[in-house]
file start.txt (compact mmCIF, C-alpha atoms)
# COMPACT_ATOMS: atom_id res chain seq x y z
CA MET A 253 -179.94 96.01 -47.18
CA SER A 254 -176.29 95.79 -46.22
CA SER A 255 -174.53 98.71 -44.60
CA LYS A 256 -172.53 100.96 -46.92
CA LEU A 257 -169.14 102.25 -45.89
CA VAL A 258 -169.38 106.00 -45.48
CA THR A 259 -166.18 107.67 -44.37
CA LEU A 260 -165.63 111.19 -43.16
CA GLU A 261 -163.50 111.73 -46.27
CA SER A 262 -166.34 110.73 -48.59
CA ILE A 263 -168.69 113.17 -46.86
CA GLU A 264 -166.08 115.93 -47.04
CA SER A 265 -165.59 115.16 -50.71
CA ALA A 266 -169.34 115.49 -51.31
CA TYR A 267 -169.30 118.74 -49.32
CA ARG A 268 -166.49 120.24 -51.38
CA LYS A 269 -167.95 119.05 -54.65
CA ARG A 270 -171.63 119.74 -54.04
CA GLY A 271 -171.84 122.29 -51.22
CA ALA A 272 -172.40 125.22 -53.57
CA ASP A 273 -175.13 123.34 -55.48
CA PHE A 274 -176.92 122.36 -52.28
CA PHE A 275 -176.69 125.96 -51.17
CA ARG A 276 -178.39 127.14 -54.37
CA LEU A 277 -181.08 124.50 -53.90
CA ALA A 278 -181.66 125.63 -50.31
CA LEU A 279 -181.59 129.27 -51.35
CA ALA A 280 -184.16 128.68 -54.08
CA ARG A 281 -186.43 127.09 -51.48
CA THR A 282 -185.93 129.64 -48.72
CA SER A 283 -184.91 132.90 -50.42
CA ASP A 284 -182.82 133.44 -47.32
CA PRO A 285 -179.03 133.02 -47.47
CA LYS A 286 -178.71 132.49 -43.73
CA LEU A 287 -181.36 129.79 -43.60
CA ALA A 288 -179.97 128.21 -46.75
CA ARG A 289 -176.44 128.10 -45.41
CA ASN A 290 -177.62 126.77 -42.08
CA ALA A 291 -179.64 124.04 -43.80
CA VAL A 292 -176.61 122.88 -45.80
CA GLN A 293 -174.26 122.94 -42.81
CA GLU A 294 -176.75 121.08 -40.61
CA SER A 295 -177.46 118.51 -43.30
CA PHE A 296 -173.78 117.66 -43.62
CA ALA A 297 -173.37 117.66 -39.84
CA ARG A 298 -176.23 115.17 -39.68
CA ALA A 299 -174.55 113.04 -42.33
CA ILE A 300 -171.30 113.11 -40.33
CA ARG A 301 -173.05 112.02 -37.14
CA ALA A 302 -175.02 109.26 -38.85
CA ARG A 303 -172.33 108.01 -41.22
CA LEU A 304 -171.55 104.78 -39.37
CA GLY A 305 -175.18 103.69 -39.41
CA PHE A 306 -175.97 104.83 -42.94
CA ARG A 307 -177.82 102.13 -44.82
CA GLY A 308 -179.42 104.05 -47.62
CA PRO A 309 -181.66 103.74 -49.46
CA GLY A 310 -179.66 105.18 -52.33
CA SER A 311 -176.46 107.13 -52.40
CA LEU A 312 -175.01 109.28 -49.67
CA GLU A 313 -175.49 112.38 -51.80
CA ALA A 314 -179.15 111.62 -52.34
CA TRP A 315 -179.56 111.19 -48.59
CA ILE A 316 -177.85 114.52 -47.88
CA CYS A 317 -180.03 116.12 -50.53
CA ARG A 318 -183.12 114.79 -48.75
CA CYS A 319 -181.78 116.33 -45.53
CA VAL A 320 -181.46 119.71 -47.28
CA LEU A 321 -185.00 119.44 -48.66
CA HIS A 322 -186.32 118.50 -45.24
CA ALA A 323 -184.38 121.28 -43.52
CA THR A 324 -185.84 123.86 -45.88
CA SER A 325 -189.39 122.51 -46.16
CA ASP A 326 -190.83 124.70 -43.45
CA THR A 327 -189.01 127.86 -44.38
CA LEU A 328 -190.59 128.81 -47.69
CA ARG A 329 -191.47 132.45 -47.60
CA PRO A 330 -194.25 134.20 -49.47
CA ALA A 331 -193.27 136.23 -52.49
CA GLY A 332 -192.48 139.80 -51.62
CA GLU A 333 -190.90 138.97 -48.29
CA TYR A 334 -187.47 138.63 -49.73
CA GLU A 335 -184.81 139.88 -47.38
CA LEU A 336 -181.29 140.74 -48.33
CA TYR A 337 -178.87 139.74 -45.62
CA GLU A 338 -175.63 141.52 -46.14
CA ALA A 339 -174.53 142.31 -42.62
CA GLY A 340 -172.59 139.42 -41.21
CA MET A 341 -172.74 137.42 -44.43
CA ASP A 342 -169.12 137.72 -45.44
CA ASP A 343 -169.26 134.40 -47.24
CA VAL A 344 -172.25 135.30 -49.41
CA VAL A 345 -171.78 137.91 -52.08
CA TRP A 346 -174.92 139.00 -53.85
CA SER A 347 -175.12 140.57 -57.23
CA PRO A 348 -176.91 143.92 -57.27
CA ALA A 349 -180.05 142.25 -58.59
CA THR A 350 -182.51 140.68 -56.20
CA PRO A 351 -184.35 137.52 -57.19
CA ASP A 352 -186.96 138.08 -59.86
CA ALA A 353 -190.29 138.55 -58.10
CA ASP A 354 -192.31 137.15 -61.00
CA VAL A 355 -190.24 133.97 -61.11
CA ARG A 356 -190.45 133.58 -57.36
CA ALA A 357 -194.20 133.99 -57.37
CA ALA A 358 -194.59 131.54 -60.26
CA VAL A 359 -192.36 128.93 -58.65
CA ARG A 360 -194.16 129.25 -55.35
CA ARG A 361 -197.45 128.42 -57.03
CA LEU A 362 -196.10 125.07 -58.19
CA PRO A 363 -196.96 121.99 -56.14
CA GLU A 364 -194.02 121.09 -53.90
CA ARG A 365 -193.24 117.88 -55.80
CA GLN A 366 -193.03 119.74 -59.11
CA ARG A 367 -190.85 122.40 -57.54
CA ASP A 368 -188.47 119.82 -56.04
CA VAL A 369 -188.11 117.91 -59.31
CA LEU A 370 -187.42 121.14 -61.17
CA PHE A 371 -184.85 122.31 -58.61
CA LEU A 372 -183.02 118.98 -58.48
CA ARG A 373 -182.84 118.89 -62.26
CA PHE A 374 -181.67 122.47 -62.61
CA TYR A 375 -179.57 123.26 -59.54
CA LEU A 376 -178.01 119.83 -58.99
CA ASP A 377 -178.09 118.66 -62.60
CA TYR A 378 -179.49 115.31 -61.46
CA ASP A 379 -180.67 112.82 -64.05
CA TYR A 380 -184.13 111.31 -63.79
CA LEU A 381 -182.87 108.22 -61.97
CA THR A 382 -181.10 110.25 -59.27
CA ILE A 383 -184.11 112.53 -58.84
CA ALA A 384 -186.32 109.46 -58.46
CA GLU A 385 -183.91 107.99 -55.91
CA THR A 386 -183.71 111.25 -53.96
CA LEU A 387 -187.44 111.85 -53.79
CA GLY A 388 -188.42 108.20 -53.52
CA ILE A 389 -190.57 108.18 -56.64
CA GLU A 390 -190.63 106.29 -59.94
CA THR A 391 -188.44 107.46 -62.81
CA GLU A 392 -191.50 107.77 -65.08
CA THR A 393 -193.09 110.02 -62.48
CA VAL A 394 -190.04 112.30 -62.60
CA SER A 395 -190.42 112.75 -66.33
CA ALA A 396 -194.14 113.55 -66.10
CA THR A 397 -193.67 115.82 -63.08
CA LEU A 398 -190.87 117.76 -64.72
CA HIS A 399 -192.95 118.22 -67.85
CA ALA A 400 -195.89 119.48 -65.79
CA ALA A 401 -193.64 121.80 -63.77
CA ARG A 402 -192.21 123.43 -66.89
CA LYS A 403 -195.65 123.77 -68.42
CA ASN A 404 -197.15 125.31 -65.28
CA LEU A 405 -194.22 127.64 -64.80
CA THR A 406 -194.37 128.79 -68.41
CA ARG A 407 -198.08 129.48 -68.06
CA ALA A 408 -197.58 131.37 -64.79
CA LEU A 409 -194.81 133.51 -66.27
CA GLU A 410 -196.91 134.27 -69.33
CA GLU A 411 -199.75 135.42 -67.10
CA ALA A 412 -197.34 137.55 -65.09
CA THR A 413 -196.06 139.35 -68.19
CA ARG A 414 -199.53 140.18 -69.54
CA MET B 85 -193.59 130.33 -75.13
CA THR B 86 -191.15 127.50 -74.44
CA PHE B 87 -189.85 127.16 -70.92
CA ASN B 88 -186.19 127.86 -70.50
CA ASP B 89 -184.61 126.40 -67.36
CA ASP B 90 -182.30 129.41 -67.20
CA VAL B 91 -185.22 131.35 -65.83
CA LEU B 92 -184.39 129.64 -62.52
CA ASN B 93 -181.11 131.55 -62.43
CA ARG B 94 -183.24 134.57 -61.67
CA LEU B 95 -184.34 132.86 -58.47
CA THR B 96 -180.87 132.68 -57.00
CA PRO B 97 -178.79 135.76 -57.81
CA ALA B 98 -175.09 135.33 -58.46
CA LEU B 99 -173.26 134.58 -55.29
CA THR B 100 -170.20 132.86 -54.01
CA TRP B 101 -170.21 129.97 -51.57
CA LYS B 102 -167.30 129.58 -49.24
CA PRO B 103 -167.21 126.09 -47.82
CA ASP B 104 -166.61 125.74 -44.09
CA TRP B 105 -165.97 122.09 -43.39
CA ALA B 106 -164.70 122.84 -39.87
CA ASP B 107 -168.10 124.33 -39.04
CA ALA B 108 -169.88 121.20 -40.29
CA LEU B 109 -167.54 119.06 -38.19
CA GLU B 110 -168.09 121.25 -35.15
CA ARG B 111 -171.87 121.07 -35.55
CA ALA B 112 -171.54 117.28 -35.71
CA GLY B 113 -169.37 117.29 -32.57
CA GLU B 114 -166.49 115.76 -34.50
CA LEU B 115 -163.94 118.53 -34.44
CA ASP B 116 -160.52 117.34 -33.29
CA PRO B 117 -159.86 118.88 -29.84
CA ARG B 118 -156.37 119.80 -31.01
CA ARG B 119 -157.93 121.82 -33.85
CA ARG B 120 -160.60 123.22 -31.60
CA GLN B 121 -158.00 124.85 -29.32
CA PRO B 122 -155.17 125.93 -31.58
CA TRP B 123 -154.33 128.73 -29.18
CA ALA B 124 -153.49 126.38 -26.31
CA LYS B 125 -150.46 125.01 -28.12
CA ARG B 126 -149.44 128.39 -29.44
CA ARG B 127 -149.72 129.91 -25.97
CA LEU B 128 -147.40 127.25 -24.56
CA ILE B 129 -144.83 127.83 -27.30
CA LEU B 130 -144.99 131.59 -26.79
CA THR B 131 -144.52 131.21 -23.02
CA LEU B 132 -141.50 128.94 -23.49
CA ALA B 133 -140.03 131.33 -26.06
CA LEU B 134 -140.50 134.23 -23.63
CA PHE B 135 -138.76 132.32 -20.84
CA ALA B 136 -135.89 131.46 -23.14
CA ALA B 137 -135.62 135.07 -24.32
CA VAL B 138 -135.23 136.25 -20.73
CA LEU B 139 -133.25 133.37 -19.26
CA ILE B 140 -130.55 132.90 -21.93
CA PRO B 141 -129.31 136.52 -21.94
CA LEU B 142 -129.46 136.54 -18.14
CA VAL B 143 -127.32 133.42 -17.80
CA ALA B 144 -124.95 134.68 -20.49
CA PHE B 145 -124.65 138.01 -18.74
CA GLY B 146 -124.07 136.30 -15.39
CA ALA B 147 -121.40 134.01 -16.84
CA ALA B 148 -119.66 136.93 -18.51
CA ASN B 149 -119.53 138.72 -15.19
CA ALA B 150 -117.82 135.92 -13.26
CA GLY B 151 -121.11 134.29 -12.31
CA TRP B 152 -122.06 136.94 -9.76
CA PHE B 153 -125.57 135.65 -9.30
CA PHE B 154 -124.37 132.11 -8.56
CA ARG B 155 -122.54 133.22 -5.47

call {"tool": "encode", "arguments": {"input": "start.txt", "output": "structure tokens"}}
result
Amino acid sequence: MSSKLVTLESIESAYRKRGADFFRLALARTSDPKLARNAVQESFARAIRARLGFRGPGSLEAWICRCVLHATSDTLRPAGEYELYEAGMDDVVWSPATPDADVRAAVRRLPERQRDVLFLRFYLDYDYLTIAETLGIETETVSATLHAARKNLTRALEEATR
Amino acid sequence: MTFNDDVLNRLTPALTWKPDWADALERAGELDPRRRQPWAKRRLILTLALFAAVLIPLVAFGAANAGWFFR
């Protein structure tokens, strides 16, 4: 595959346009604003460092998204361990409500692939093709996985409300 | 019950994200040294301004008093 031209400006543009969405994705995976912010910043720093040798596969944004997923893969916390970081988080303003414990528990029970597909669809508004490109799976698999994720999450939330 | 994607909003409470591109650049080791040390330039300008503020009135005062300090 031929090398794609990735400039600092194109990375900055992606950062300005998508930083908030990546942050939400990272936050959904970590439930920790500090970890989420760090994951996004480090992912873009990695993209900056590697921009001259970037060869794909896929788009730059999909690659950065994979970096965010990777950076947050080991930081998933069990439900109930949610921590609210307010001190020193001037750039993160929380609403009074904390994340819904039932939703967190239900999402955590999903297989990681289902969770990732759901998050990419919802938080980044990716279409099936982009999700497939980001996760390195077939487009048909995205459709089936998303369907299963919604079904499992619905079932888990129903059980939680009984 | 039909699944509503909006339920995922309850996973990430409302918040604001303030981008910090300079931080990303710094982490990547790409920050322009001139931007990294903005105070160095400012300090030089302040020092020069201070010298000028002292020297100009002194010379003017000396000239007005028949150049006493040149003798």

call {"tool": "residues_around", "arguments": {"input": "start.txt", "residues": "Lys403 (chain A)", "least_positions_apart": "4", "cutoff": "12 Å", "atoms": "all atoms listed in the file", "output": "list in words"}}
result
Ala358, Val359, Leu362, Gln366, Arg367, Leu370, Ala396, Thr397, Leu398, His399, Arg407, Ala408, Leu409 and Glu410 of chain A; Met85, Thr86, Phe87, Asn88 and Asp89 of chain B

call {"tool": "residues_around", "arguments": {"input": "start.txt", "residues": "Ala288 (chain A)", "least_positions_apart": "3", "cutoff": "8 Å", "atoms": "all atoms listed in the file", "output": "NGL selection string"}}
result
:A and (275-276 or 278-279 or 282-285 or 291-292 or 324)

call {"tool": "closest_atom_pairs", "arguments": {"input": "start.txt", "of": "chain A", "to": "chain B", "cutoff": "9 Å", "atoms": "only C-alpha atoms", "output": "Markdown table"}}
result
| residue | atom | partner | partner_atom | distance |
| --- | --- | --- | --- | --- |
| A:Glu264 | CA | B:Trp105 | CA | 7.2 |
| A:Tyr267 | CA | B:Trp105 | CA | 7.6 |
| A:Arg268 | CA | B:Pro103 | CA | 6.9 |
| A:Gly271 | CA | B:Pro103 | CA | 6.9 |
| A:Ala272 | CA | B:Trp101 | CA | 5.6 |
| A:Phe275 | CA | B:Trp101 | CA | 7.6 |
| A:Arg276 | CA | B:Thr96 | CA | 6.6 |
| A:Leu277 | CA | B:Thr96 | CA | 8.8 |
| A:Leu279 | CA | B:Thr96 | CA | 6.6 |
| A:Ala280 | CA | B:Thr96 | CA | 5.9 |
| A:Ser283 | CA | B:Thr96 | CA | 7.7 |
| A:Arg289 | CA | B:Trp101 | CA | 9.0 |
| A:Val292 | CA | B:Ala108 | CA | 8.9 |
| A:Gln293 | CA | B:Ala108 | CA | 5.3 |
| A:Glu294 | CA | B:Ala108 | CA | 6.9 |
| A:Ser295 | CA | B:Ala108 | CA | 8.6 |
| A:Phe296 | CA | B:Ala108 | CA | 6.2 |
| A:Ala297 | CA | B:Ala112 | CA | 4.5 |
| A:Arg298 | CA | B:Ala112 | CA | 6.5 |
| A:Ala299 | CA | B:Ala112 | CA | 8.4 |
| A:Ile300 | CA | B:Ala112 | CA | 6.2 |
| A:Arg301 | CA | B:Ala112 | CA | 5.7 |
| A:Asp343 | CA | B:Lys102 | CA | 5.6 |
| A:Val344 | CA | B:Thr100 | CA | 5.6 |
| A:Val345 | CA | B:Leu99 | CA | 4.9 |
| A:Trp346 | CA | B:Leu99 | CA | 4.9 |
| A:Ser347 | CA | B:Ala98 | CA | 5.4 |
| A:Pro348 | CA | B:Pro97 | CA | 8.4 |
| A:Ala349 | CA | B:Pro97 | CA | 6.7 |
| A:Thr350 | CA | B:Pro97 | CA | 6.4 |
| A:Pro351 | CA | B:Leu95 | CA | 4.8 |
| A:Asp352 | CA | B:Arg94 | CA | 5.4 |
| A:Ala353 | CA | B:Leu95 | CA | 8.2 |
| A:Val355 | CA | B:Leu95 | CA | 6.6 |
| A:Arg356 | CA | B:Leu95 | CA | 6.3 |
| A:Val359 | CA | B:Leu92 | CA | 8.9 |
| A:Leu370 | CA | B:Asp89 | CA | 8.6 |
| A:Phe371 | CA | B:Leu92 | CA | 8.3 |
| A:Phe374 | CA | B:Asp89 | CA | 6.8 |
| A:Tyr375 | CA | B:Leu92 | CA | 8.5 |
| A:Arg402 | CA | B:Phe87 | CA | 6.0 |
| A:Lys403 | CA | B:Phe87 | CA | 7.2 |
| A:Leu405 | CA | B:Phe87 | CA | 7.5 |
| A:Thr406 | CA | B:Phe87 | CA | 5.4 |
| A:Arg407 | CA | B:Met85 | CA | 8.4 |
| A:Glu410 | CA | B:Met85 | CA | 7.8 |

call {"tool": "atom_distance", "arguments": {"input": "start.txt", "atom1": "CA of Ile389 (chain A)", "atom2": "CA of Ala302 (chain A)"}}
result
23.7 Å

call {"tool": "closest_residue", "arguments": {"input": "start.txt", "among": "A:Ala400, A:Leu304, A:Leu312, A:Leu387", "to": "Leu372 (chain A)", "atoms": "all atoms listed in the file"}}
result
A:Leu387
